[in-house]
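The structure appears below as C-alpha cells.
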Amino acid sequence: MTDSGGPTDDGYLRRASILAHMGGGQAETLKQLREAQEVFAILQAQADDAYAVQREAQARAEEAKLAAEEAVARQVDETRRIEEEQARLEKLAEEARGAADLLARKREAALEQARIARENAERARYQAAAARREAARTAVASGEPASRWAVDMTAGSARGDIAADWALTQLDKPYVWAAAGPAAYDCSGLTMRAWERVGVVMDHWTGTQWTAGPHVRLSELQRGDLLFYGQITQNPGDIHHVGIYIGRGLMVHAPQTGDVIRVAPMWRSDLVGATRPA
C-alpha cells in the first residue's frame with residue numbers, strides 16, 4: 001500500500017511535472033521579455049536620435065526662416081530706398097528738363113531776334129545799295145563819270161556797284177582781242193574801262209590787273225571785284241582771263257573771240273582768286 005502523500009504518489013509527480021514545465025515556460029518568457037526590452041531599448045535609442053535630428057532640423061529651419069525674414073526686410077528697405085532715390089533723380093531730371101527747355105526757348109527767341117536784326121540790316125544795306133546803283137545808272141546813262149559823292153561814299157561796295165553796273169550796260173558787245181571800247185572789248189579792256197568810271201586806273205592786261213589790286217577772299221566778294229582765271233605761277237601771264245563779279249555767284253565778262261559780253265557763273269575749275277581795285 002502506497003502513501004498518497006509520498007514521492008511516489010502519481011498526483012505528486014504530475015504536480016512536479018507541471019511545476020517543471022511552468023518553470024521552463026517562465027524562463028522562456030523571461031528570455032523573450034529581456035529580448036523585447038533590448039529591442040525596445042534599441043528602438044527607444046533610435047527614436048531619441050530621430051527626435052534629436054528632428055529638433056536640430058527644426059532649429060535650422062527656424063534659423064533659415066529668421067534669416068529669410070531678415071533678408072526680405074533688407075530687400076524691402078533697399079527697394080524703398082531705391083524707389084526714393086529714383087523719385088529724387090526723376091524730380092531732378094524733370095527740373096533739369098524744365099531748365100533746358102527754358103534755355104532752349106530763350107535761345108530760340110534770341111536767335112529769332114538776331115535773325116530779324118540781320119534781315120533788317122540786310123534790307124537796309126540792299127536799299128542803300130539800290131540807291132547807289134540807281135545813282136550809278138543815272139551817271140552811266142548820262143555818259144559822264146560818276147560824281148564825287150558817289151565815288152567817295154564810305155560803303156565798301158559803292159564804287160564796285162558803279163563799275164559792275166557800267167559793265168552790265170555793255171552786254172552783247174563783241175569780244176575783240178586787245179579792244180577797249182566803245183564798240184568792242186576783250187576781258188581786261190572791259191574791266192579797265194569799268195573801273196575807270198570811278199577813277200581807278202589799271203593797265204590793259206590781265207597779268208598786271210591781278211598783281212595791282214589787293215586780293216580778297218572768295219567768301220568776302222563784293223560787286224565790282226575782279227575774278228581771275230588761269231594758273232598762279234611766277235609768270236603773271238599765266239593768268240589768262242578776268243571778269244567782274246556782279247553778285248549771287250555771277251560775273252559779267254568778255255569771254256573769247258566769236259563771243260559777246262555776257263553774264264555767266266563765276267565758278268570754274270580755273271578760278272584762282274579775286275582782287276578789289278583801289
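Note on naming: chains are A, B, ... as they come in the C-alpha cells, residues start from 1 per chain, ligands start from 1 in the order shown.
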- Task: as a list in words, list the residues of segment 202-244 of chain A assigned to strand (DSSP E or B) by DSSP on the backbone atoms of this structure.
- Result: His215, Val216, Leu226, Leu227, Phe228, Tyr229, Gly230, Ile239, His240, His241, Val242, Gly243 and Ile244 of chain A
Selection above as a file: all heavy atoms, as a tab-separated table (two decimals), in the first residue's frame:
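The new file out03.tsv reads:
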chain	number	residue	atom	x	y	z
A	215	HIS	N	44.14	141.60	-102.85
A	215	HIS	CA	43.40	140.36	-103.05
A	215	HIS	C	42.36	140.18	-101.93
A	215	HIS	O	42.58	140.58	-100.79
A	215	HIS	CB	44.35	139.17	-103.08
A	215	HIS	CG	45.21	139.15	-104.31
A	215	HIS	ND1	45.07	138.20	-105.29
A	215	HIS	CD2	46.19	140.00	-104.74
A	215	HIS	CE1	45.95	138.43	-106.26
A	215	HIS	NE2	46.65	139.53	-105.94
A	216	VAL	N	41.22	139.61	-102.27
A	216	VAL	CA	40.14	139.38	-101.31
A	216	VAL	C	39.74	137.91	-101.37
A	216	VAL	O	39.90	137.24	-102.40
A	216	VAL	CB	38.91	140.27	-101.60
A	216	VAL	CG1	39.25	141.73	-101.41
A	216	VAL	CG2	38.37	140.01	-103.01
A	226	LEU	N	37.17	141.95	-109.10
A	226	LEU	CA	37.64	141.28	-110.32
A	226	LEU	C	37.95	139.82	-110.01
A	226	LEU	O	38.61	139.50	-109.02
A	226	LEU	CB	38.88	141.99	-110.86
A	226	LEU	CG	38.72	143.46	-111.22
A	226	LEU	CD1	39.99	143.99	-111.88
A	226	LEU	CD2	37.51	143.69	-112.13
A	227	LEU	N	37.45	138.93	-110.88
A	227	LEU	CA	37.68	137.50	-110.75
A	227	LEU	C	38.69	137.06	-111.80
A	227	LEU	O	38.54	137.39	-112.99
A	227	LEU	CB	36.37	136.74	-110.95
A	227	LEU	CG	35.23	137.11	-109.98
A	227	LEU	CD1	33.91	136.51	-110.47
A	227	LEU	CD2	35.55	136.62	-108.58
A	228	PHE	N	39.70	136.29	-111.39
A	228	PHE	CA	40.79	135.92	-112.29
A	228	PHE	C	40.84	134.41	-112.48
A	228	PHE	O	40.58	133.64	-111.55
A	228	PHE	CB	42.13	136.43	-111.74
A	228	PHE	CG	42.25	137.93	-111.75
A	228	PHE	CD1	41.79	138.67	-110.68
A	228	PHE	CD2	42.80	138.58	-112.84
A	228	PHE	CE1	41.89	140.05	-110.69
A	228	PHE	CE2	42.89	139.97	-112.86
A	228	PHE	CZ	42.44	140.70	-111.78
A	229	TYR	N	41.24	134.04	-113.71
A	229	TYR	CA	41.25	132.63	-114.10
A	229	TYR	C	42.59	132.29	-114.74
A	229	TYR	O	43.18	133.12	-115.44
A	229	TYR	CB	40.11	132.34	-115.06
A	229	TYR	CG	38.76	132.63	-114.45
A	229	TYR	CD1	38.23	133.92	-114.46
A	229	TYR	CD2	38.03	131.62	-113.83
A	229	TYR	CE1	37.00	134.19	-113.88
A	229	TYR	CE2	36.80	131.89	-113.25
A	229	TYR	CZ	36.29	133.17	-113.27
A	229	TYR	OH	35.08	133.45	-112.70
A	230	GLY	N	43.04	131.06	-114.52
A	230	GLY	CA	44.30	130.61	-115.09
A	230	GLY	C	45.07	129.79	-114.09
A	230	GLY	O	44.52	128.94	-113.39
A	239	ILE	N	47.88	134.06	-115.82
A	239	ILE	CA	46.50	134.47	-115.51
A	239	ILE	C	45.93	134.96	-116.83
A	239	ILE	O	46.28	136.02	-117.34
A	239	ILE	CB	46.47	135.59	-114.45
A	239	ILE	CG1	47.23	135.16	-113.19
A	239	ILE	CG2	45.04	135.97	-114.12
A	239	ILE	CD1	46.61	134.00	-112.45
A	240	HIS	N	45.02	134.21	-117.42
A	240	HIS	CA	44.64	134.45	-118.82
A	240	HIS	C	43.24	135.06	-118.99
A	240	HIS	O	42.86	135.40	-120.12
A	240	HIS	CB	44.71	133.15	-119.62
A	240	HIS	CG	43.85	132.04	-119.05
A	240	HIS	ND1	42.49	132.02	-119.19
A	240	HIS	CD2	44.19	130.93	-118.35
A	240	HIS	CE1	42.00	130.94	-118.61
A	240	HIS	NE2	43.01	130.26	-118.08
A	241	HIS	N	42.48	135.23	-117.89
A	241	HIS	CA	41.13	135.75	-118.08
A	241	HIS	C	40.68	136.49	-116.82
A	241	HIS	O	41.11	136.17	-115.70
A	241	HIS	CB	40.14	134.62	-118.39
A	241	HIS	CG	38.78	135.12	-118.76
A	241	HIS	ND1	38.54	135.92	-119.86
A	241	HIS	CD2	37.55	134.92	-118.18
A	241	HIS	CE1	37.25	136.21	-119.93
A	241	HIS	NE2	36.64	135.61	-118.92
A	242	VAL	N	39.80	137.52	-117.00
A	242	VAL	CA	39.29	138.29	-115.88
A	242	VAL	C	37.84	138.67	-116.15
A	242	VAL	O	37.45	138.90	-117.31
A	242	VAL	CB	40.15	139.55	-115.62
A	242	VAL	CG1	40.13	140.48	-116.82
A	242	VAL	CG2	39.67	140.29	-114.37
A	243	GLY	N	37.02	138.69	-115.10
A	243	GLY	CA	35.64	139.11	-115.20
A	243	GLY	C	35.29	139.98	-114.00
A	243	GLY	O	36.08	140.15	-113.08
A	244	ILE	N	34.07	140.55	-113.99
A	244	ILE	CA	33.63	141.45	-112.92
A	244	ILE	C	32.49	140.76	-112.17
A	244	ILE	O	31.46	140.39	-112.76
A	244	ILE	CB	33.14	142.80	-113.49
A	244	ILE	CG1	34.28	143.48	-114.26
A	244	ILE	CG2	32.64	143.71	-112.36
A	244	ILE	CD1	33.85	144.78	-114.93
For Ala264 of chain A, work out the shell of residues within 12 Å, counting only C-alpha atoms and skipping chain neighbours fewer than 6 positions away, then give it as a compact mmCIF listing (two decimals) with all heavy atoms, in the first residue's frame.
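Output file out-v3.txt is given in full below:
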# COMPACT_ATOMS: atom_id res chain seq x y z
N LEU A 168 27.51 146.07 -117.03
CA LEU A 168 26.27 145.46 -117.49
C LEU A 168 25.62 146.24 -118.63
O LEU A 168 24.81 145.69 -119.39
CB LEU A 168 25.29 145.32 -116.32
CG LEU A 168 25.66 144.26 -115.27
CD1 LEU A 168 24.77 144.37 -114.05
CD2 LEU A 168 25.56 142.85 -115.88
N LEU A 171 26.58 144.77 -122.26
CA LEU A 171 26.20 143.41 -122.67
C LEU A 171 25.95 143.33 -124.17
O LEU A 171 25.45 144.27 -124.80
CB LEU A 171 24.95 142.97 -121.91
CG LEU A 171 25.10 142.71 -120.41
CD1 LEU A 171 23.75 142.41 -119.78
CD2 LEU A 171 26.09 141.59 -120.14
N LEU A 227 37.45 138.93 -110.88
CA LEU A 227 37.68 137.50 -110.75
C LEU A 227 38.69 137.06 -111.80
O LEU A 227 38.54 137.39 -112.99
CB LEU A 227 36.37 136.74 -110.95
CG LEU A 227 35.23 137.11 -109.98
CD1 LEU A 227 33.91 136.51 -110.47
CD2 LEU A 227 35.55 136.62 -108.58
N GLY A 243 37.02 138.69 -115.10
CA GLY A 243 35.64 139.11 -115.20
C GLY A 243 35.29 139.98 -114.00
O GLY A 243 36.08 140.15 -113.08
N ILE A 244 34.07 140.55 -113.99
CA ILE A 244 33.63 141.45 -112.92
C ILE A 244 32.49 140.76 -112.17
O ILE A 244 31.46 140.39 -112.76
CB ILE A 244 33.14 142.80 -113.49
CG1 ILE A 244 34.28 143.48 -114.26
CG2 ILE A 244 32.64 143.71 -112.36
CD1 ILE A 244 33.85 144.78 -114.93
N TYR A 245 32.67 140.63 -110.86
CA TYR A 245 31.65 140.00 -110.02
C TYR A 245 30.44 140.93 -109.89
O TYR A 245 30.57 142.12 -109.60
CB TYR A 245 32.23 139.71 -108.63
CG TYR A 245 31.26 139.06 -107.68
CD1 TYR A 245 30.81 137.77 -107.89
CD2 TYR A 245 30.80 139.75 -106.56
CE1 TYR A 245 29.92 137.17 -107.01
CE2 TYR A 245 29.91 139.16 -105.67
CZ TYR A 245 29.46 137.87 -105.91
OH TYR A 245 28.58 137.28 -105.04
N ILE A 246 29.22 140.38 -110.10
CA ILE A 246 28.00 141.20 -110.03
C ILE A 246 27.04 140.69 -108.95
O ILE A 246 25.94 141.21 -108.81
CB ILE A 246 27.28 141.25 -111.39
CG1 ILE A 246 26.88 139.84 -111.85
CG2 ILE A 246 28.14 141.94 -112.43
CD1 ILE A 246 26.00 139.84 -113.10
N GLY A 247 27.47 139.70 -108.17
CA GLY A 247 26.63 139.19 -107.08
C GLY A 247 26.00 137.85 -107.41
O GLY A 247 25.87 137.45 -108.57
N ARG A 248 25.61 137.12 -106.33
CA ARG A 248 24.90 135.85 -106.45
C ARG A 248 25.66 134.82 -107.28
O ARG A 248 25.06 134.04 -108.03
CB ARG A 248 23.50 136.07 -107.03
CG ARG A 248 22.62 136.93 -106.14
CD ARG A 248 21.19 136.98 -106.62
NE ARG A 248 20.39 137.81 -105.73
CZ ARG A 248 19.07 138.00 -105.87
NH1 ARG A 248 18.42 137.41 -106.88
NH2 ARG A 248 18.40 138.75 -105.02
N GLY A 249 26.98 134.83 -107.18
CA GLY A 249 27.78 133.84 -107.88
C GLY A 249 27.90 134.07 -109.37
O GLY A 249 28.27 133.15 -110.11
N LEU A 250 27.61 135.27 -109.83
CA LEU A 250 27.65 135.57 -111.26
C LEU A 250 28.70 136.63 -111.56
O LEU A 250 29.10 137.40 -110.69
CB LEU A 250 26.28 136.05 -111.74
CG LEU A 250 25.11 135.08 -111.56
CD1 LEU A 250 23.80 135.76 -111.92
CD2 LEU A 250 25.32 133.83 -112.41
N MET A 251 29.12 136.67 -112.83
CA MET A 251 30.04 137.70 -113.29
C MET A 251 29.61 138.16 -114.68
O MET A 251 28.88 137.46 -115.40
CB MET A 251 31.47 137.15 -113.35
CG MET A 251 31.69 136.08 -114.41
SD MET A 251 33.42 135.63 -114.54
CE MET A 251 33.34 134.25 -115.73
N VAL A 252 30.07 139.36 -115.05
CA VAL A 252 29.93 139.83 -116.42
C VAL A 252 31.33 139.85 -116.99
O VAL A 252 32.28 140.31 -116.35
CB VAL A 252 29.26 141.23 -116.48
CG1 VAL A 252 30.02 142.25 -115.67
CG2 VAL A 252 29.13 141.69 -117.93
N HIS A 253 31.50 139.34 -118.23
CA HIS A 253 32.84 139.25 -118.80
C HIS A 253 32.76 139.20 -120.33
O HIS A 253 31.70 138.94 -120.92
CB HIS A 253 33.58 138.03 -118.27
CG HIS A 253 33.03 136.71 -118.75
ND1 HIS A 253 33.81 135.62 -119.01
CD2 HIS A 253 31.75 136.30 -119.02
CE1 HIS A 253 33.06 134.60 -119.40
NE2 HIS A 253 31.81 134.99 -119.41
N ALA A 254 33.91 139.46 -120.92
CA ALA A 254 34.08 139.30 -122.37
C ALA A 254 34.82 137.99 -122.58
O ALA A 254 36.03 137.91 -122.32
CB ALA A 254 34.86 140.48 -122.94
N PRO A 255 34.15 136.92 -123.02
CA PRO A 255 34.72 135.58 -122.93
C PRO A 255 35.88 135.30 -123.90
O PRO A 255 37.00 135.02 -123.47
CB PRO A 255 33.54 134.66 -123.22
CG PRO A 255 32.33 135.50 -123.02
CD PRO A 255 32.72 136.89 -123.40
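For the pair atom CA of Gly160 of chain A and atom CA of Glu220 of chain A, the separation is 13.3 Å.
Interatomic distance, atom CA of Pro277 of chain A to atom CA of Asp225 of chain A: 7.2 Å.
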- Task: Mind the document's chain letters and residue numbers, and return as a PyMOL selection string the residues of segment 20-266 of chain A that DSSP labels helix (DSSP H, G or I).
- Result: chain A and resi 20-142+148-151+158-168+187-196+206-212+218-220+236-238
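The gap separating atom CA of Asp238 of chain A from atom CA of Ala167 of chain A is 24.3 Å, in Å to one decimal.
Between Trp210 of chain A and the residues A:Arg74, A:Arg276, A:Arg107, A:Arg88, the shortest atom-to-atom distance, using only C-alpha atoms, involves A:Arg276.
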